[in-house]
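Pasted below: model_14.pdb, PDB, C-alpha atoms.
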MODEL        1
ATOM      1  CA  MET A  22      -4.552  -3.989 -11.380
ATOM      2  CA  VAL A  23      -8.072  -5.204 -10.695
ATOM      3  CA  ILE A  24      -6.760  -8.087  -8.568
ATOM      4  CA  ASN A  25      -4.694  -5.622  -6.515
ATOM      5  CA  LEU A  26      -7.745  -3.420  -5.952
ATOM      6  CA  ILE A  27      -9.794  -6.447  -4.883
ATOM      7  CA  MET A  28      -7.015  -7.509  -2.501
ATOM      8  CA  ALA A  29      -6.789  -3.973  -1.081
ATOM      9  CA  LEU A  30     -10.527  -3.825  -0.493
ATOM     10  CA  THR A  31     -10.581  -7.307   1.027
ATOM     11  CA  GLY A  32      -7.681  -6.447   3.332
ATOM     12  CA  ALA A  33      -9.381  -3.241   4.465
ATOM     13  CA  ILE A  34     -12.678  -5.008   5.160
ATOM     14  CA  ALA A  35     -10.982  -7.892   6.973
ATOM     15  CA  SER A  36      -8.975  -5.407   9.036
ATOM     16  CA  TRP A  37     -12.116  -3.560  10.018
ATOM     17  CA  ILE A  38     -14.045  -6.724  10.881
ATOM     18  CA  CYS A  39     -11.213  -8.323  12.870
ATOM     19  CA  ASN A  40      -9.859  -5.061  14.288
ATOM     20  CA  ALA A  41      -6.327  -6.026  13.233
ATOM     21  CA  GLN A  42      -3.645  -3.603  12.074
ATOM     22  CA  ALA A  43      -1.663  -6.345  10.353
ATOM     23  CA  LEU A  44      -4.573  -6.989   8.012
ATOM     24  CA  ALA A  45      -4.754  -3.264   7.265
ATOM     25  CA  LEU A  46      -1.151  -3.453   6.105
ATOM     26  CA  ASP A  47      -2.075  -6.452   3.955
ATOM     27  CA  GLY A  48      -4.695  -4.256   2.317
ATOM     28  CA  LEU A  49      -2.457  -1.201   2.001
ATOM     29  CA  LEU A  50       0.324  -2.882   0.026
ATOM     30  CA  PRO A  51      -1.922  -4.089  -2.848
ATOM     31  CA  GLY A  52      -3.525  -0.636  -2.889
ATOM     32  CA  LEU A  53      -0.112   0.931  -3.329
ATOM     33  CA  ASN A  54       0.700  -1.618  -6.045
ATOM     34  CA  ALA A  55      -2.515  -0.718  -7.886
ATOM     35  CA  LEU A  56      -1.611   2.968  -7.710
ATOM     36  CA  MET A  57       1.903   2.329  -8.987
ATOM     37  CA  ILE A  58       0.611   0.121 -11.812
ATOM     38  CA  ARG A  59      -1.604   3.022 -12.867
ATOM     39  CA  VAL A  60       1.351   5.423 -12.821
ATOM     40  CA  ALA A  61       3.550   2.934 -14.710
ATOM     41  CA  ALA A  62       0.862   2.520 -17.362
ATOM     42  CA  ARG A  63       0.859   6.280 -17.816
ATOM     43  CA  LEU A  64       4.649   6.411 -18.089
ATOM     44  CA  ARG A  65       5.153   3.345 -20.261
ATOM     45  CA  SER A  66       4.843   5.162 -23.584
ATOM     46  CA  GLN A  67       7.051   8.086 -22.546
ATOM     47  CA  PRO A  68      10.461   6.468 -23.287
ATOM     48  CA  LEU A  69       9.350   5.900 -26.885
ATOM     49  CA  ARG A  70       8.999   9.638 -27.501
ATOM     50  CA  ARG A  71      11.792  11.456 -29.260
ATOM     51  CA  PRO A  72      14.076  13.730 -27.249
ATOM     52  CA  ASP A  73      12.908  17.321 -27.149
ATOM     53  CA  ARG A  74      13.896  20.588 -25.525
ATOM     54  CA  ARG A  75      12.570  19.574 -22.109
ATOM     55  CA  TYR A  76      14.262  16.142 -22.134
ATOM     56  CA  PRO A  77      17.239  16.444 -24.500
ATOM     57  CA  TYR A  78      18.509  12.939 -23.638
ATOM     58  CA  GLY A  79      15.137  11.257 -23.915
ATOM     59  CA  TYR A  80      12.371  10.320 -21.519
ATOM     60  CA  TRP A  81      14.188   7.412 -19.889
ATOM     61  CA  ALA A  82      14.914   9.736 -16.959
ATOM     62  CA  LEU A  83      11.301   9.319 -15.792
ATOM     63  CA  GLU A  84      12.102   5.813 -14.605
ATOM     64  CA  SER A  85      14.266   7.051 -11.733
ATOM     65  CA  PRO A  86      11.610   9.278 -10.074
ATOM     66  CA  TYR A  87       9.052   6.490 -10.516
ATOM     67  CA  THR A  88      11.169   3.827  -8.830
ATOM     68  CA  GLY A  89      12.360   6.298  -6.208
ATOM     69  CA  SER A  90       8.837   7.349  -5.251
ATOM     70  CA  ARG A  91       7.667   3.744  -5.144
ATOM     71  CA  SER A  92      10.606   2.810  -2.919
ATOM     72  CA  LEU A  93       9.970   5.749  -0.581
ATOM     73  CA  LEU A  94       6.292   4.858  -0.277
ATOM     74  CA  LEU A  95       7.123   1.249   0.549
ATOM     75  CA  LEU A  96       9.788   2.368   3.016
ATOM     76  CA  GLY A  97       7.279   4.681   4.672
ATOM     77  CA  ILE A  98       4.782   1.846   5.071
ATOM     78  CA  VAL A  99       7.444  -0.449   6.546
ATOM     79  CA  VAL A 100       8.666   2.241   8.967
ATOM     80  CA  PHE A 101       5.100   3.033  10.055
ATOM     81  CA  ALA A 102       4.297  -0.647  10.594
ATOM     82  CA  SER A 103       7.539  -1.170  12.532
ATOM     83  CA  LEU A 104       6.979   1.837  14.794
ATOM     84  CA  SER A 105       3.374   0.826  15.388
ATOM     85  CA  SER A 106       4.436  -2.704  16.336
ATOM     86  CA  ILE A 107       7.200  -1.460  18.632
ATOM     87  CA  ASP A 108       4.728   0.915  20.284
ATOM     88  CA  ARG A 109       2.280  -1.930  20.946
ATOM     89  CA  ILE A 110       5.017  -4.193  22.297
ATOM     90  CA  LEU A 111       6.336  -1.494  24.629
ATOM     91  CA  GLY A 112       2.787  -0.673  25.715
ATOM     92  CA  HIS A 113       2.189  -4.321  26.524
ATOM     93  CA  LEU A 114       5.432  -4.515  28.507
ATOM     94  CA  HIS A 115       4.381  -1.457  30.530
ATOM     95  CA  GLY A 116       1.008  -2.975  31.401
ATOM     96  CA  ALA A 117      -1.310  -1.499  28.775
ATOM     97  CA  SER A 118      -4.195  -3.714  27.778
ATOM     98  CA  VAL A 119      -3.842  -5.358  24.398
ATOM     99  CA  ALA A 120      -6.863  -6.786  22.622
ATOM    100  CA  ALA A 121      -6.810 -10.560  22.684
ATOM    101  CA  ALA A 122      -6.379 -12.334  19.387
ATOM    102  CA  GLY A 123      -9.658 -13.530  17.977
ATOM    103  CA  LYS A 124     -11.843 -10.807  19.481
ATOM    104  CA  ALA A 125     -13.593  -9.546  16.405
ATOM    105  CA  ARG A 126     -16.641  -7.359  15.997
ATOM    106  CA  CYS A 127     -18.529 -10.032  14.131
ATOM    107  CA  TRP A 128     -18.350 -13.799  13.754
ATOM    108  CA  PRO A 129     -21.135 -14.543  11.251
ATOM    109  CA  TRP A 130     -19.688 -17.953  10.348
ATOM    110  CA  LYS A 131     -20.005 -19.059  13.987
ATOM    111  CA  GLY A 132     -23.619 -17.917  14.265
ATOM    112  CA  GLY A 133     -22.700 -15.041  16.558
ATOM    113  CA  PRO A 134     -24.268 -11.619  16.523
ATOM    114  CA  CYS A 135     -22.848  -8.796  14.472
ATOM    115  CA  TRP A 136     -22.241  -5.566  16.321
TER     116      TRP A 136
ENDMDL
END
As structure tokens, what does this structure read like?
Amino acid sequence: MVINLIMALTGAIASWICNAQALALDGLLPGLNALMIRVAARLRSQPLRRPDRRYPYGYWALESPYTGSRSLLLLGIVVFASLSSIDRILGHLHGASVAAAGKARCWPWKGGPCW
């Protein structure tokens, strides 16, 4: 989980420095994985509990909402990224200015100024 949080933070910082939406997506996916690992850790002991009045067939039913919510979150991210990319492509085809690749806010490794 710690590695996923580090990757999410690194992706967010790199996205901000380079002004790139693709890097933001690279930071968002590990962040979502870290969140889902946290939820899975909370749910992992539930199937071992005995059936009770609330769950007469046991707690295994919690797996379906967990996997369903994770799938819907991932699907939402993919749909958002796809629509954003299509919007940029169509904007470029209609003459909107698109930032050139490599134009970042800061290039400290090249000795350039920051901000």
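Evaluated against this file, the PyMOL selection byres ((chain A and resi 33) around 12) yields Leu26, Ile27, Met28, Ala29, Leu30, Thr31, Gly32, Ile34, Ala35, Ser36, Trp37, Ile38, Cys39, Asn40, Ala41, Gln42, Ala43, Leu44, Ala45, Leu46, Asp47, Gly48, Leu49, Leu50, Pro51 and Gly52 of chain A.
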| request: Identify the residues around (7.1, 0.1, 1.1) within a radius of 12 Å, measuring from all atoms listed in the file in the coordinates stated by the file, and give them as a PyMOL selection string. | output: chain A and resi 46-47+49-54+57+88-103
Can you turn the PyMOL selection byres ((chain A and resi 69) around 9) into a concrete residue list for this file, as an mmCIF file with C-alpha atoms, in the coordinates of the input?
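In the end it all went to out.cif:
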data_model
loop_
_atom_site.group_PDB
_atom_site.id
_atom_site.type_symbol
_atom_site.label_atom_id
_atom_site.label_comp_id
_atom_site.auth_asym_id
_atom_site.auth_seq_id
_atom_site.Cartn_x
_atom_site.Cartn_y
_atom_site.Cartn_z
ATOM 1 C CA ARG A 65 5.153 3.345 -20.261
ATOM 2 C CA SER A 66 4.843 5.162 -23.584
ATOM 3 C CA GLN A 67 7.051 8.086 -22.546
ATOM 4 C CA PRO A 68 10.461 6.468 -23.287
ATOM 5 C CA ARG A 70 8.999 9.638 -27.501
ATOM 6 C CA ARG A 71 11.792 11.456 -29.260
ATOM 7 C CA GLY A 79 15.137 11.257 -23.915
ATOM 8 C CA TYR A 80 12.371 10.320 -21.519
ATOM 9 C CA TRP A 81 14.188 7.412 -19.889
#
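Taking CA of Val23 (chain A) and CA of Ile58 (chain A) as endpoints, the distance between them is 10.2 Å.
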| request: Quick one: pull the distance between CA of Tyr87 (chain A) and CA of Leu64 (chain A), Å, one decimal. | output: 8.8 Å
| Atomic separation - CA of Arg63 (chain A) relative to CA of Ser85 (chain A), Å | 14.7 Å
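Nearest to Ala61 (chain A) of all the residues A:Leu104, A:Leu83, A:Gly112, A:Ser118 is A:Leu83, counting all atoms listed in the file.
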| message | Using all atoms listed in the file for the distances, tell me which of A:Ala62, A:Ala82, A:Ile107, A:Ala55 is nearest to Ile24 (chain A). | response | A:Ala55
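With all atoms listed in the file as the atoms that count, the residue of A:Val60, A:Pro72, A:Asn25, A:Leu111 with the shortest distance to Pro86 (chain A) is A:Val60.
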